[in-house]
Amino acid sequence: MILSVLERALALAFGRIGTLLAASWGYILLMAGLNLALSGQLLPGDGFTTVSYMTEPVVAADDGALRLVAGLANILLGFAAATAYMRRILIGARDFPFSFAPRVLKVMVKLLLLLLLGALMLVPLFAIAGIITAVTAGFGIIAFIAAPFVALMLMQKLSLILPAAALEDDLTLRQSWSASAGLGWAMAFAALVVGLLSVVMTLAWTWILSLLKAAFPDPVVALAISAALPLGSVGVSVWLFASLHATCYGLVRERYAERVGLTSSQTEEARTRHDAAEAIARVKSLGRR
């Protein structure tokens, strides 16, 4: 079981790259345009000394502020792309390519909540590890190493609220905890591997861009490479982590359907009826306006 979540998440990620592009091409274009414009704005006369404008040393306060705003804009677009991708996978939604619905901000807020809870969880875990260290030094070191992973497991059990928010499902933290029973360690292991894979792929992307920059010392190429670094970094994170969260949510939904005795055809029929009811409700609301 501990490998099943990881296997399904990676299979989904590598098998649905086309779905990611189809669902989020609008946000990808916006990110590309934003980063190209900022690269041109921040390009010094003698060119960038590093791969991208995002990695350049901060010389003036205005440049630092502009880069901070650019980072936040890239994150917002990344969340919008992740939301569209999860909705396309889980419910087959085909949202407008530039849809900044409240659900995107809801996903962001809930992720910040999870990060805050994760940080708070580390306090008692490190305190327990400190007590163990005072009694038995060897086991205390193991406890300190294990504490972040335990916190990650606890966070993952609560993380179902993220894909639920993307689907506008008001899942609570308590419901997420109950629904993920028996999957906590598998979800934590998958999140750890996906996180490491994301870091490795981002570093590899940076290295490839640095080689291209050295091979083609042209200002136009430098602008494209500068924009490609944040675009690729955000894209990798969106692709891998959205696939992981969609997998976890889908596993829980499958398990619940099995528990109540629903077949796959019945589940699909219920989803179709729900989508039809939503479409009719939208038409009626437009008619009243």
# chains A, B, ... in the order shown; residues from 1 in each chain; ligands from 1
>>> closest_atom_pairs(of="region 55-80 of chain A", to="region 100-123 of chain A", cutoff="9 Å", atoms="only C-alpha atoms", output="Markdown table")
| residue | atom | partner | partner_atom | distance |
| --- | --- | --- | --- | --- |
| A:Leu76 | CA | A:Val104 | CA | 8.1 |
| A:Leu77 | CA | A:Phe100 | CA | 8.8 |
| A:Phe79 | CA | A:Val104 | CA | 6.3 |
| A:Ala80 | CA | A:Val104 | CA | 5.6 |
>>> select_by_dssp(residues="region 89-128 of chain A", states="alpha helix (DSSP H)", output="PyMOL selection string")
chain A and resi 89-91+102-128
>>> residues_around(residues="region 240-251 of chain A", least_positions_apart="2", cutoff="7 Å", atoms="only C-alpha atoms", output="VMD selection string")
chain A and resid 5 8 to 9 12 to 13 82 86 90 160 163 194 236 to 238 253 to 255
